[in-house]
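Shown below: final_29.cif, with mmCIF, C-alpha atoms and all ligand atoms.
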```cif
data_target
loop_
_atom_site.label_atom_id
_atom_site.label_comp_id
_atom_site.auth_asym_id
_atom_site.auth_seq_id
_atom_site.Cartn_x
_atom_site.Cartn_y
_atom_site.Cartn_z
CA MET K 200 -49.66 -1.09 -103.68
CA SER K 201 -48.89 1.90 -101.42
CA LYS K 202 -47.26 4.82 -103.22
CA VAL K 203 -44.46 6.92 -101.73
CA ALA K 204 -42.38 9.60 -103.45
CA ILE K 205 -39.22 11.35 -102.30
CA THR K 206 -38.51 14.73 -103.87
CA ARG K 207 -36.09 17.63 -103.49
CA THR K 208 -37.56 21.09 -102.94
CA ASN K 209 -36.51 24.44 -104.39
CA GLU K 210 -37.37 28.02 -103.44
CA ASP K 211 -40.85 27.67 -104.97
CA LEU K 212 -42.29 25.46 -102.24
CA TYR K 213 -45.83 25.70 -103.58
CA LYS K 214 -44.67 24.13 -106.87
CA SER K 215 -42.43 21.65 -105.03
CA VAL K 216 -45.39 20.39 -102.98
CA GLY K 217 -47.62 20.08 -106.04
CA ASP K 218 -44.91 18.30 -108.04
CA ALA K 219 -44.30 15.82 -105.21
CA ILE K 220 -48.00 14.95 -104.89
CA ASP K 221 -48.24 14.59 -108.70
CA LEU K 222 -45.88 11.60 -108.37
CA ILE K 223 -48.49 9.78 -106.28
CA GLY K 224 -51.51 10.67 -108.39
CA GLY K 225 -51.94 14.43 -107.94
CA ILE K 226 -53.93 16.40 -105.37
CA GLY K 227 -57.16 15.66 -107.29
CA LYS K 228 -56.85 12.01 -106.32
CA TYR K 229 -57.11 12.93 -102.64
CA VAL K 230 -59.26 16.08 -102.51
CA LYS K 231 -62.58 16.41 -104.33
CA LYS K 232 -64.76 19.46 -104.91
CA GLY K 233 -66.80 20.25 -101.80
CA ASP K 234 -64.61 18.24 -99.40
CA THR K 235 -63.77 19.37 -95.90
CA VAL K 236 -60.03 18.92 -95.46
CA LEU K 237 -58.09 18.81 -92.20
CA ILE K 238 -54.32 19.29 -92.34
CA LYS K 239 -52.52 18.15 -89.20
CA PRO K 240 -48.97 19.56 -89.00
CA ASN K 241 -46.64 19.11 -86.08
CA ALA K 242 -46.82 22.63 -84.65
CA PHE K 243 -46.89 22.47 -80.88
CA ILE K 244 -43.26 23.29 -80.13
CA ASN K 245 -42.63 26.93 -79.42
CA LYS K 246 -39.02 27.19 -80.63
CA GLU K 247 -37.68 29.46 -83.34
CA GLU K 248 -34.87 27.13 -84.44
CA LYS K 249 -35.53 25.29 -87.70
CA GLY K 250 -36.70 21.71 -87.73
CA PHE K 251 -38.72 21.56 -84.51
CA ILE K 252 -42.09 21.87 -86.28
CA SER K 253 -43.46 20.91 -89.70
CA ASP K 254 -42.38 23.56 -92.18
CA PRO K 255 -45.24 26.15 -92.17
CA LYS K 256 -44.59 27.17 -95.81
CA VAL K 257 -45.16 23.59 -96.94
CA VAL K 258 -48.32 23.36 -94.83
CA LEU K 259 -49.70 26.60 -96.28
CA SER K 260 -48.80 25.55 -99.84
CA LEU K 261 -50.70 22.33 -99.30
CA ALA K 262 -53.70 24.18 -97.85
CA LYS K 263 -53.73 26.44 -100.90
CA LEU K 264 -53.57 23.47 -103.26
CA CYS K 265 -56.55 21.87 -101.49
CA LYS K 266 -58.58 25.06 -101.69
CA GLU K 267 -57.77 25.50 -105.39
CA GLN K 268 -58.84 21.90 -105.92
CA GLY K 269 -62.31 22.94 -104.77
CA ALA K 270 -62.31 21.97 -101.10
CA LYS K 271 -65.26 23.55 -99.33
CA GLU K 272 -63.21 24.22 -96.19
CA VAL K 273 -59.57 23.64 -95.32
CA TYR K 274 -58.59 23.49 -91.65
CA ILE K 275 -55.09 23.47 -90.18
CA GLY K 276 -55.31 21.93 -86.72
CA GLU K 277 -52.98 21.01 -83.87
CA ARG K 278 -53.10 20.70 -80.09
CA THR K 279 -51.96 23.63 -77.90
CA PRO K 280 -52.47 27.31 -78.82
CA THR K 281 -48.94 27.40 -80.27
CA VAL K 282 -50.64 26.59 -83.58
CA PHE K 283 -51.82 30.22 -83.63
CA LYS K 284 -48.23 31.41 -83.36
CA TRP K 285 -47.11 29.58 -86.50
CA TYR K 286 -50.36 30.13 -88.43
CA LYS K 287 -51.79 33.60 -87.95
CA LYS K 288 -55.54 33.57 -88.55
CA GLU K 289 -55.57 37.15 -89.84
CA ASP K 290 -52.94 36.42 -92.55
CA ILE K 291 -54.55 33.30 -94.05
CA ASN K 292 -57.75 33.51 -96.06
CA PHE K 293 -57.75 30.04 -97.65
CA ALA K 294 -57.71 27.99 -94.44
CA LYS K 295 -59.12 28.11 -90.92
CA ILE K 296 -56.77 27.55 -88.01
CA VAL K 297 -58.05 25.40 -85.15
CA CYS K 298 -56.58 24.42 -81.82
CA PHE K 299 -57.63 20.90 -80.82
CA ASP K 300 -57.61 21.94 -77.15
CA ASP K 301 -60.74 24.01 -77.86
CA PRO K 302 -64.21 22.47 -78.19
CA PRO K 303 -66.07 20.85 -79.85
CA HIS K 304 -64.93 17.32 -78.98
CA ASN K 305 -66.64 13.92 -79.05
CA LEU K 306 -65.96 11.59 -76.15
CA ARG K 307 -64.97 8.32 -77.81
CA THR K 308 -63.95 4.84 -76.83
CA LEU K 309 -61.61 3.93 -79.66
CA PRO K 310 -62.85 0.78 -81.39
CA GLU K 311 -60.13 -1.89 -81.76
CA ALA K 312 -57.81 -0.02 -79.37
CA GLU K 313 -55.33 -2.31 -77.63
CA VAL K 314 -54.15 0.05 -74.87
CA ILE K 315 -56.20 3.29 -74.92
CA LYS K 316 -59.12 1.65 -73.16
CA SER K 317 -60.81 4.65 -71.54
CA ALA K 318 -62.99 7.11 -73.44
CA VAL K 319 -60.97 10.08 -74.77
CA PRO K 320 -61.97 13.47 -76.19
CA ILE K 321 -61.47 13.56 -79.96
CA PRO K 322 -61.80 16.89 -81.80
CA LYS K 323 -64.98 16.75 -83.87
CA ILE K 324 -63.19 17.97 -86.98
CA VAL K 325 -60.83 14.95 -86.85
CA GLU K 326 -63.81 12.63 -87.21
CA GLU K 327 -65.95 14.76 -89.48
CA CYS K 328 -63.46 15.90 -92.12
CA ASP K 329 -63.67 14.15 -95.50
CA VAL K 330 -59.91 14.21 -96.01
CA PHE K 331 -57.26 13.97 -93.28
CA ILE K 332 -53.80 15.09 -94.38
CA ASN K 333 -50.99 14.21 -92.00
CA VAL K 334 -48.04 16.61 -92.28
CA PRO K 335 -45.23 15.67 -89.88
CA GLY K 336 -41.73 17.07 -89.73
CA LEU K 337 -38.95 14.51 -90.14
CA ARG K 338 -37.12 13.84 -86.88
CA PHE K 339 -35.35 11.41 -84.68
CA HIS K 340 -36.91 10.75 -81.29
CA ALA K 341 -35.23 9.28 -78.23
CA LEU K 342 -38.23 7.09 -77.30
CA THR K 343 -39.40 5.85 -80.69
CA ILE K 344 -36.15 6.31 -82.69
CA ILE K 345 -37.96 8.26 -85.39
CA SER K 346 -41.03 10.46 -85.24
CA ASN K 347 -43.00 10.97 -88.41
CA GLY K 348 -46.60 10.47 -89.58
CA MET K 349 -47.71 7.79 -87.15
CA LYS K 350 -46.39 9.60 -84.09
CA ASN K 351 -47.79 12.92 -85.35
CA MET K 352 -51.24 11.47 -84.60
CA MET K 353 -50.57 12.01 -80.89
CA GLY K 354 -51.38 15.64 -81.62
CA ILE K 355 -55.06 14.92 -82.18
CA MET K 356 -55.37 14.41 -78.42
CA PRO K 357 -56.25 17.71 -76.71
CA LYS K 358 -54.42 19.19 -73.75
CA GLU K 359 -53.14 16.80 -71.11
CA THR K 360 -54.84 13.78 -72.70
CA THR K 361 -51.58 13.15 -74.57
CA LEU K 362 -50.18 12.12 -71.16
CA LEU K 363 -52.60 9.20 -71.31
CA ILE K 364 -50.64 7.95 -74.29
CA HIS K 365 -47.42 8.01 -72.29
CA VAL K 366 -48.92 6.04 -69.40
CA SER K 367 -50.79 3.58 -71.64
CA GLY K 368 -47.72 2.33 -73.50
CA LEU K 369 -46.47 4.90 -75.99
CA GLU K 370 -45.91 2.90 -79.16
CA ASP K 371 -49.01 0.72 -78.79
CA ALA K 372 -51.08 3.85 -78.16
CA ILE K 373 -49.68 5.44 -81.33
CA VAL K 374 -50.97 2.43 -83.25
CA ASP K 375 -54.38 2.74 -81.56
CA LEU K 376 -54.67 6.34 -82.75
CA ASN K 377 -53.67 5.46 -86.30
CA ARG K 378 -56.21 2.64 -86.36
CA PHE K 379 -58.87 5.12 -85.27
CA ARG K 380 -58.15 7.84 -87.85
CA LYS K 381 -56.55 6.89 -91.12
CA SER K 382 -54.34 9.46 -92.85
CA ASP K 383 -55.59 9.87 -96.44
CA LEU K 384 -52.42 11.63 -97.55
CA VAL K 385 -49.07 12.10 -95.80
CA VAL K 386 -46.66 14.91 -96.61
CA THR K 387 -43.45 14.85 -94.58
CA THR K 388 -41.76 18.23 -94.50
CA ALA K 389 -38.06 17.49 -94.34
CA ILE K 390 -37.04 21.02 -95.29
CA HIS K 391 -35.04 20.78 -92.08
CA THR K 392 -34.60 17.45 -90.33
CA LEU K 393 -34.33 17.24 -86.56
CA VAL K 394 -31.36 15.10 -85.52
CA GLY K 395 -29.56 14.24 -82.30
CA ASN K 396 -30.89 13.75 -78.79
CA PHE K 397 -34.43 15.06 -79.34
CA PRO K 398 -36.61 15.87 -77.37
CA VAL K 399 -34.06 16.53 -74.62
CA SER K 400 -31.97 18.54 -77.09
CA GLY K 401 -31.49 18.00 -80.85
CA TYR K 402 -31.01 20.41 -83.74
CA GLY K 403 -32.22 20.91 -87.30
CA ILE K 404 -30.09 20.28 -90.38
CA GLU K 405 -31.02 21.67 -93.79
CA SER K 406 -32.41 18.87 -95.95
CA ASN K 407 -34.84 20.38 -98.53
CA THR K 408 -36.74 17.14 -99.05
CA LEU K 409 -40.37 16.01 -99.11
CA ILE K 410 -41.69 12.50 -98.58
CA VAL K 411 -45.28 12.06 -99.73
CA GLY K 412 -47.44 8.98 -99.77
CA ASP K 413 -50.89 7.48 -99.53
CA ASN K 414 -50.17 5.24 -96.53
CA VAL K 415 -48.73 6.47 -93.24
CA VAL K 416 -46.92 3.21 -92.40
CA ALA K 417 -45.25 3.10 -95.82
CA VAL K 418 -44.20 6.76 -95.59
CA ASP K 419 -42.76 6.21 -92.11
CA ALA K 420 -40.88 3.12 -93.29
CA ILE K 421 -39.26 5.18 -96.05
CA ALA K 422 -38.61 8.02 -93.60
CA ALA K 423 -36.83 5.49 -91.35
CA LYS K 424 -34.70 4.26 -94.23
CA ILE K 425 -33.79 7.85 -95.10
CA LEU K 426 -32.65 8.27 -91.47
CA LYS K 427 -30.61 5.04 -91.80
CA VAL K 428 -32.89 3.20 -89.38
CA ASP K 429 -34.26 -0.28 -90.09
CA PRO K 430 -38.11 -0.01 -89.89
CA TYR K 431 -38.07 -3.33 -87.99
CA GLU K 432 -36.30 -1.49 -85.13
CA ILE K 433 -39.38 0.70 -84.65
CA ARG K 434 -42.05 -0.95 -82.54
CA HIS K 435 -45.03 1.16 -83.66
CA LEU K 436 -44.17 0.47 -87.32
CA THR K 437 -43.85 -3.29 -86.89
CA LEU K 438 -47.04 -3.41 -84.81
CA ALA K 439 -48.95 -1.41 -87.42
CA ASN K 440 -47.55 -3.61 -90.17
CA LYS K 441 -48.65 -6.79 -88.37
CA LEU K 442 -52.14 -5.36 -87.99
CA GLY K 443 -52.33 -4.73 -91.73
CA LEU K 444 -52.19 -0.93 -91.51
CA GLY K 445 -49.49 -0.69 -94.15
CA PRO K 446 -46.26 -2.09 -95.60
CA ILE K 447 -42.73 -1.58 -94.31
CA ASP K 448 -40.83 -3.73 -96.81
CA LEU K 449 -39.50 -2.02 -99.94
CA PRO K 450 -40.89 -4.58 -102.44
CA GLU K 451 -44.39 -3.76 -101.17
CA ILE K 452 -44.00 0.00 -101.67
CA GLU K 453 -44.14 1.73 -105.05
CA LEU K 454 -41.32 4.23 -104.54
CA SER K 455 -40.71 7.11 -106.96
CA GLY K 456 -38.82 10.39 -107.11
CA VAL K 457 -35.16 10.67 -106.19
CA PRO K 458 -33.21 7.70 -104.77
CA ILE K 459 -32.62 7.65 -101.02
CA GLU K 460 -28.86 7.36 -101.63
CA SER K 461 -28.88 10.69 -103.52
CA LEU K 462 -29.83 12.67 -100.39
CA GLU K 463 -26.40 14.05 -99.54
CA TRP K 464 -27.57 15.61 -96.23
CA ARG K 465 -27.88 12.10 -94.79
CA GLU K 466 -24.14 12.31 -94.10
CA LYS K 467 -24.96 14.79 -91.32
CA ILE K 468 -27.41 12.48 -89.58
CA VAL K 469 -26.83 12.05 -85.83
CA ARG K 470 -28.97 9.49 -84.02
CA PRO K 471 -30.43 10.10 -80.55
CA VAL K 472 -28.78 8.47 -77.53
CA LEU K 473 -30.74 5.22 -77.19
CA ASP K 474 -28.60 3.28 -74.73
CA TYR K 475 -27.05 4.09 -71.37
CA GLU K 476 -24.37 1.38 -71.24
CA GLU K 477 -21.64 3.99 -71.74
CA PHE K 478 -22.85 5.76 -68.56
CA ARG K 479 -22.86 2.72 -66.25
CA ASP K 480 -19.64 3.72 -64.52
CA LYS K 481 -21.07 7.20 -63.84
CA ILE K 482 -24.42 6.29 -62.26
CA ASN K 483 -25.77 3.21 -60.41
CA ILE K 484 -28.31 1.49 -62.69
CA ILE K 485 -30.56 -1.39 -61.60
CA ASP K 486 -32.33 -2.91 -64.59
CA PRO K 487 -32.44 -6.70 -64.31
CA SER K 488 -35.18 -7.00 -66.93
CA LYS K 489 -33.79 -6.50 -70.42
CA ASN K 490 -37.06 -7.06 -72.28
CA CYS K 491 -38.41 -3.54 -72.70
CA LEU K 492 -36.52 -0.70 -74.34
CA GLY K 493 -38.95 2.14 -73.55
CA CYS K 494 -37.66 3.33 -70.16
CA LYS K 495 -34.11 2.47 -71.13
CA ARG K 496 -34.22 4.83 -74.10
CA ALA K 497 -35.92 7.63 -72.16
CA MET K 498 -33.33 7.39 -69.39
CA ALA K 499 -30.41 7.14 -71.82
CA SER K 500 -31.55 10.36 -73.46
CA GLY K 501 -32.05 12.02 -70.06
CA ILE K 502 -28.59 11.07 -68.78
CA ALA K 503 -27.02 12.19 -72.07
CA GLY K 504 -28.87 15.51 -71.65
CA ILE K 505 -27.35 15.99 -68.19
CA PHE K 506 -23.82 15.42 -69.55
CA GLU K 507 -24.52 17.64 -72.58
CA GLU K 508 -25.15 20.46 -70.10
CA ASN K 509 -22.34 19.57 -67.72
CA PRO K 510 -19.76 17.00 -68.88
CA LYS K 511 -18.37 16.87 -65.31
CA ALA K 512 -21.72 16.17 -63.59
CA ASP K 513 -21.28 13.84 -60.60
CA LEU K 514 -24.11 11.27 -60.50
CA LYS K 515 -22.33 8.61 -58.44
CA ASP K 516 -24.71 8.88 -55.46
CA ILE K 517 -27.81 8.31 -57.65
CA THR K 518 -29.45 4.93 -58.27
CA LEU K 519 -31.79 4.46 -61.21
CA VAL K 520 -34.32 1.65 -61.01
CA ILE K 521 -35.68 0.74 -64.44
CA GLY K 522 -38.15 -1.95 -65.50
CA PRO K 523 -39.57 -4.72 -63.30
CA VAL K 524 -37.34 -5.64 -60.34
CA GLU K 525 -38.31 -8.57 -58.12
CA GLU K 526 -36.47 -7.77 -54.88
CA LEU K 527 -35.03 -4.30 -54.91
CA ASN K 528 -33.32 -4.65 -51.51
CA LYS K 529 -31.06 -7.37 -52.90
CA HIS K 530 -29.41 -4.77 -55.13
CA LYS K 531 -26.79 -2.22 -54.19
CA LEU K 532 -28.60 1.06 -53.51
CA THR K 533 -27.37 4.60 -52.90
CA ASP K 534 -29.02 7.40 -50.87
CA LYS K 535 -30.76 8.98 -53.86
CA ILE K 536 -33.06 6.67 -55.80
CA ILE K 537 -35.13 7.31 -58.92
CA LEU K 538 -37.89 4.79 -59.61
CA PHE K 539 -38.40 5.26 -63.33
CA GLY K 540 -41.54 4.08 -65.12
CA ASN K 541 -44.77 2.30 -64.18
CA CYS K 542 -42.96 -1.01 -63.65
CA THR K 543 -41.21 0.42 -60.57
CA PHE K 544 -44.50 1.41 -58.91
CA PRO K 545 -44.20 -1.26 -56.14
CA TYR K 546 -41.17 0.66 -54.77
CA LYS K 547 -42.51 4.16 -55.36
CA ASP K 548 -42.07 5.21 -51.70
CA LYS K 549 -38.36 4.39 -51.74
CA GLY K 550 -37.35 7.42 -53.76
CA LEU K 551 -38.43 9.77 -56.54
CA TYR K 552 -41.07 7.93 -58.57
CA VAL K 553 -41.61 8.93 -62.22
CA GLN K 554 -44.81 7.63 -63.78
CA GLY K 555 -45.09 6.64 -67.44
CA CYS K 556 -44.73 3.75 -69.82
CA PRO K 557 -42.24 5.04 -70.63
CA PRO K 558 -42.07 8.49 -69.02
CA ARG K 559 -40.88 11.20 -71.41
CA ALA K 560 -37.13 11.64 -71.88
CA ASN K 561 -37.32 15.17 -70.50
CA MET K 562 -38.87 13.73 -67.33
CA ALA K 563 -35.77 11.54 -66.94
CA LYS K 564 -33.50 14.55 -67.19
CA GLN K 565 -35.68 16.61 -64.84
CA ALA K 566 -35.80 13.78 -62.28
CA ILE K 567 -31.99 13.48 -62.25
CA LYS K 568 -31.62 17.25 -61.90
CA LYS K 569 -34.13 17.37 -59.07
CA ILE K 570 -32.55 14.56 -57.10
CA MET K 571 -29.07 16.04 -57.65
CA GLU K 572 -30.27 19.20 -55.92
CA ASP K 573 -31.76 17.28 -52.95
CA LYS K 574 -29.59 17.35 -49.86
S1 LIG A 601 -39.97 -0.84 -68.59
FE1 LIG A 601 -42.09 -0.99 -67.87
S2 LIG A 601 -42.76 1.13 -67.60
FE2 LIG A 601 -40.93 1.16 -68.85
S3 LIG A 601 -41.69 1.19 -70.96
FE3 LIG A 601 -41.28 -0.96 -70.41
S4 LIG A 601 -43.24 -1.75 -69.64
FE4 LIG A 601 -43.38 0.51 -69.66
#
```
In structure tokens, what does this structure look like?
Ligand code: SF4
Amino acid sequence: MSKVAITRTNEDLYKSVGDAIDLIGGIGKYVKKGDTVLIKPNAFINKEEKGFISDPKVVLSLAKLCKEQGAKEVYIGERTPTVFKWYKKEDINFAKIVCFDDPPHNLRTLPEAEVIKSAVPIPKIVEECDVFINVPGLRFHALTIISNGMKNMMGIMPKETTLLIHVSGLEDAIVDLNRFRKSDLVVTTAIHTLVGNFPVSGYGIESNTLIVGDNVVAVDAIAAKILKVDPYEIRHLTLANKLGLGPIDLPEIELSGVPIESLEWREKIVRPVLDYEEFRDKINIIDPSKNCLGCKRAMASGIAGIFEENPKADLKDITLVIGPVEELNKHKLTDKIILFGNCTFPYKDKGLYVQGCPPRANMAKQAIKKIMEDK
């Protein structure tokens, strides 16, 4: 049975991390003498506000624990050079900091992949490490509702190759990556939790919590429950569960530590904007197909972002086309048209086309801003 523990942290984060992992067998269960360990935090966002990256103090405590356990080498790795901002090579003598954008990489066709069909560069260390520790920050996300361990795997893709994930079908691609590289241990750093309309906006709330576990799907299912989200609402979790990558039902997870209900900070949770129905009278939306939520969520978050910046924004002369549309000309159109997502490709010359499946939420906001400025 998969083990997950929820714990509260105190000022001694090194002890807090060790105590949390003790509840699922102790660090010695995961790291053996002579192992090469790779720790993958979420560390690519260059923002000072709390909650936008995995807590660096937790990551460093974990790296220290691994080294003390006898690991031969401990690496902390992430895509984009921002990793060097949060982890300064010269200050850390028990771990090496690597940027996955830098070589060496292996070009790999992912076996069993459902949507990432082309060969992709995979950092050698991701394949060659003995132990892969996935250390996400706890957050909501406008496209996937929550972002935790499974989505953190997007960060093993160097540079612009992460865009491939967005055009391939985001949530299916997340599952492909998790099938390719299993997380041996997951440590979610919810010292601050990112809530609200992330990634368009969002903010961190203090939460002083860790979620640790030996299965990424199980940890993410518990993370979802902590964020008051039903794991069955999250496509990448249900897909992974169906493929046998891990459990999402409570009776199949051995849960220890503090009860979810005891986490008082959950009262401050604010979900991202996932639906644009409330904006229909403010912007012309053409979306006859109701089957796919991807573009809908991205656009909802983008529109909300526009009104967060300017509650009086006038979008009445903009038409959004979302999802497959059979005969666009049969619909009421305005002068300014945004064709949003790969499904609208057949009409791409009729307005501002935004590629992606779904495109990122920030791309939705940027597209609206751009077309607002057009004469
Ligand atoms: S509506 Fe089309 S482009 Fe958008 S997420 Fe769904 S399948 Fe992908």
Show me, as CSV, the residues of segment 405-504 of chain K having an atom within 9 Å of segment 345-362 of chain K, each with the closest atom pair and its distance in Å, using all atoms listed in the file.
```
residue,atom,partner,partner_atom,distance
K:Val415,CA,K:Gly348,CA,5.8
K:Val416,CA,K:Met349,CA,7.0
K:Val418,CA,K:Gly348,CA,7.5
K:Asp419,CA,K:Asn347,CA,6.0
K:Ala422,CA,K:Asn347,CA,7.4
K:Ala423,CA,K:Ile345,CA,6.7
K:Leu426,CA,K:Ile345,CA,8.1
K:Val428,CA,K:Ile345,CA,8.2
K:Ile433,CA,K:Ile345,CA,7.7
K:His435,CA,K:Met349,CA,8.0
K:Leu436,CA,K:Met349,CA,8.1
```
Excluding Ile468 of chain K and any residue of its chain fewer than 6 positions from it, enumerate the residues within 9 Å of it, using all atoms listed in the file, and give them as a list in words. Thr392, Leu393, Val394, Gly395, Ile404, Leu426 and Lys427 of chain K
Within 8 Å of His530 of chain K, counting all atoms listed in the file, which residues qualify if same-chain residues fewer than 3 places away don't, as a ChimeraX atom specification? /K:485,526-527
As a list in words, please: the residues near Asn541 of chain K (cut-off 7 Å, all atoms listed in the file, same-chain neighbours under 6 positions excluded). Gln554, Gly555 and Cys556 of chain K
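Of the listed residues (K:Phe539, K:Tyr229, K:Tyr546, K:Phe293), K:Phe539 comes nearest to ligand LIG 601 (chain A); the distances count only C-alpha atoms and all ligand atoms.
If you measure from each of K:Leu492, K:Ile536, K:Ala503, K:Val203 to ligand LIG 601 (chain A) using only C-alpha atoms and all ligand atoms, the closest one turns out to be K:Leu492.
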Return as JSON lines the residues of chain K lying at most 7 Å from ligand LIG 601 (chain A), together with the closest atom-to-atom pair for each and the distance in Å to one decimal, counting all atoms listed in the file, with rows in chain order and ascending residue number.
```
{"residue": "K:Gly368", "atom": "CA", "partner": "A:LIG601", "partner_atom": "FE4", "distance": 6.1}
{"residue": "K:Cys491", "atom": "CA", "partner": "A:LIG601", "partner_atom": "FE3", "distance": 4.5}
{"residue": "K:Leu492", "atom": "CA", "partner": "A:LIG601", "partner_atom": "FE3", "distance": 6.2}
{"residue": "K:Gly493", "atom": "CA", "partner": "A:LIG601", "partner_atom": "S3", "distance": 3.9}
{"residue": "K:Cys494", "atom": "CA", "partner": "A:LIG601", "partner_atom": "FE2", "distance": 4.1}
{"residue": "K:Ile521", "atom": "CA", "partner": "A:LIG601", "partner_atom": "S1", "distance": 6.2}
{"residue": "K:Gly522", "atom": "CA", "partner": "A:LIG601", "partner_atom": "S1", "distance": 3.8}
{"residue": "K:Pro523", "atom": "CA", "partner": "A:LIG601", "partner_atom": "FE1", "distance": 6.4}
{"residue": "K:Gly540", "atom": "CA", "partner": "A:LIG601", "partner_atom": "S2", "distance": 4.0}
{"residue": "K:Asn541", "atom": "CA", "partner": "A:LIG601", "partner_atom": "S2", "distance": 4.1}
{"residue": "K:Cys542", "atom": "CA", "partner": "A:LIG601", "partner_atom": "FE1", "distance": 4.3}
{"residue": "K:Gly555", "atom": "CA", "partner": "A:LIG601", "partner_atom": "S2", "distance": 6.0}
{"residue": "K:Cys556", "atom": "CA", "partner": "A:LIG601", "partner_atom": "FE4", "distance": 3.5}
{"residue": "K:Pro557", "atom": "CA", "partner": "A:LIG601", "partner_atom": "S3", "distance": 3.9}
```
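Taking all atoms listed in the file into account, Lys381 of chain K lies nearest to K:Asn414 out of the set K:Asn414, K:Thr343, K:Thr518, K:Thr408.
Around Lys239 of chain K, within 7 Å and counting all atoms listed in the file, the residues found are Ile275, Gly276, Glu277, Ile332, Asn333 and Val334 of chain K, once anything fewer than 6 positions away on its own chain is removed.
If you measure from each of K:Phe379, K:Lys295, K:Phe283, K:Ala372 to Pro310 of chain K using only C-alpha atoms, the closest one turns out to be K:Phe379.
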Find the spatial neighbours of segment 251-264 of chain K, counting all atoms listed in the file, within a cut-off of 9 Å - ignore same-chain residues fewer than 4 positions away - and output them as a PDB file with C-alpha atoms, keeping the file's coordinate frame.
```pdb
ATOM      1  CA  LEU K 212     -42.290  25.460-102.240  1.00  0.00           C
ATOM      2  CA  TYR K 213     -45.830  25.700-103.580  1.00  0.00           C
ATOM      3  CA  LYS K 214     -44.670  24.130-106.870  1.00  0.00           C
ATOM      4  CA  SER K 215     -42.430  21.650-105.030  1.00  0.00           C
ATOM      5  CA  VAL K 216     -45.390  20.390-102.980  1.00  0.00           C
ATOM      6  CA  GLY K 217     -47.620  20.080-106.040  1.00  0.00           C
ATOM      7  CA  ILE K 226     -53.930  16.400-105.370  1.00  0.00           C
ATOM      8  CA  VAL K 236     -60.030  18.920 -95.460  1.00  0.00           C
ATOM      9  CA  LEU K 237     -58.090  18.810 -92.200  1.00  0.00           C
ATOM     10  CA  ILE K 238     -54.320  19.290 -92.340  1.00  0.00           C
ATOM     11  CA  LYS K 239     -52.520  18.150 -89.200  1.00  0.00           C
ATOM     12  CA  PRO K 240     -48.970  19.560 -89.000  1.00  0.00           C
ATOM     13  CA  ASN K 241     -46.640  19.110 -86.080  1.00  0.00           C
ATOM     14  CA  ALA K 242     -46.820  22.630 -84.650  1.00  0.00           C
ATOM     15  CA  PHE K 243     -46.890  22.470 -80.880  1.00  0.00           C
ATOM     16  CA  ILE K 244     -43.260  23.290 -80.130  1.00  0.00           C
ATOM     17  CA  ASN K 245     -42.630  26.930 -79.420  1.00  0.00           C
ATOM     18  CA  LYS K 246     -39.020  27.190 -80.630  1.00  0.00           C
ATOM     19  CA  GLU K 247     -37.680  29.460 -83.340  1.00  0.00           C
ATOM     20  CA  GLN K 268     -58.840  21.900-105.920  1.00  0.00           C
ATOM     21  CA  GLY K 269     -62.310  22.940-104.770  1.00  0.00           C
ATOM     22  CA  VAL K 273     -59.570  23.640 -95.320  1.00  0.00           C
ATOM     23  CA  TYR K 274     -58.590  23.490 -91.650  1.00  0.00           C
ATOM     24  CA  ILE K 275     -55.090  23.470 -90.180  1.00  0.00           C
ATOM     25  CA  TRP K 285     -47.110  29.580 -86.500  1.00  0.00           C
ATOM     26  CA  TYR K 286     -50.360  30.130 -88.430  1.00  0.00           C
ATOM     27  CA  ILE K 291     -54.550  33.300 -94.050  1.00  0.00           C
ATOM     28  CA  PHE K 293     -57.750  30.040 -97.650  1.00  0.00           C
ATOM     29  CA  ALA K 294     -57.710  27.990 -94.440  1.00  0.00           C
ATOM     30  CA  VAL K 334     -48.040  16.610 -92.280  1.00  0.00           C
ATOM     31  CA  PRO K 335     -45.230  15.670 -89.880  1.00  0.00           C
ATOM     32  CA  GLY K 336     -41.730  17.070 -89.730  1.00  0.00           C
ATOM     33  CA  LEU K 337     -38.950  14.510 -90.140  1.00  0.00           C
ATOM     34  CA  ARG K 338     -37.120  13.840 -86.880  1.00  0.00           C
ATOM     35  CA  VAL K 386     -46.660  14.910 -96.610  1.00  0.00           C
ATOM     36  CA  THR K 387     -43.450  14.850 -94.580  1.00  0.00           C
ATOM     37  CA  THR K 388     -41.760  18.230 -94.500  1.00  0.00           C
ATOM     38  CA  ALA K 389     -38.060  17.490 -94.340  1.00  0.00           C
ATOM     39  CA  ILE K 390     -37.040  21.020 -95.290  1.00  0.00           C
ATOM     40  CA  HIS K 391     -35.040  20.780 -92.080  1.00  0.00           C
ATOM     41  CA  THR K 392     -34.600  17.450 -90.330  1.00  0.00           C
ATOM     42  CA  LEU K 393     -34.330  17.240 -86.560  1.00  0.00           C
ATOM     43  CA  GLY K 401     -31.490  18.000 -80.850  1.00  0.00           C
ATOM     44  CA  TYR K 402     -31.010  20.410 -83.740  1.00  0.00           C
ATOM     45  CA  GLY K 403     -32.220  20.910 -87.300  1.00  0.00           C
TER      46      GLY K 403
END
```
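Taking atom CA of Pro487 of chain K and atom CA of Tyr552 of chain K as the two end points, the separation is 17.9 Å.
With atom CA of Arg207 of chain K on one side and atom CA of Ile410 of chain K on the other, the separation reads 9.0 Å.
Between Pro398 of chain K and the candidates K:Ile484, K:Val457, K:Val524, K:Val472, the tightest atom-to-atom separation, counting only C-alpha atoms, involves K:Val472.
Using only C-alpha atoms for every distance, the candidate list K:Ser317, K:Ile324, K:Asn483, K:Asp383 yields K:Ile324 as the residue closest to Ile296 of chain K.
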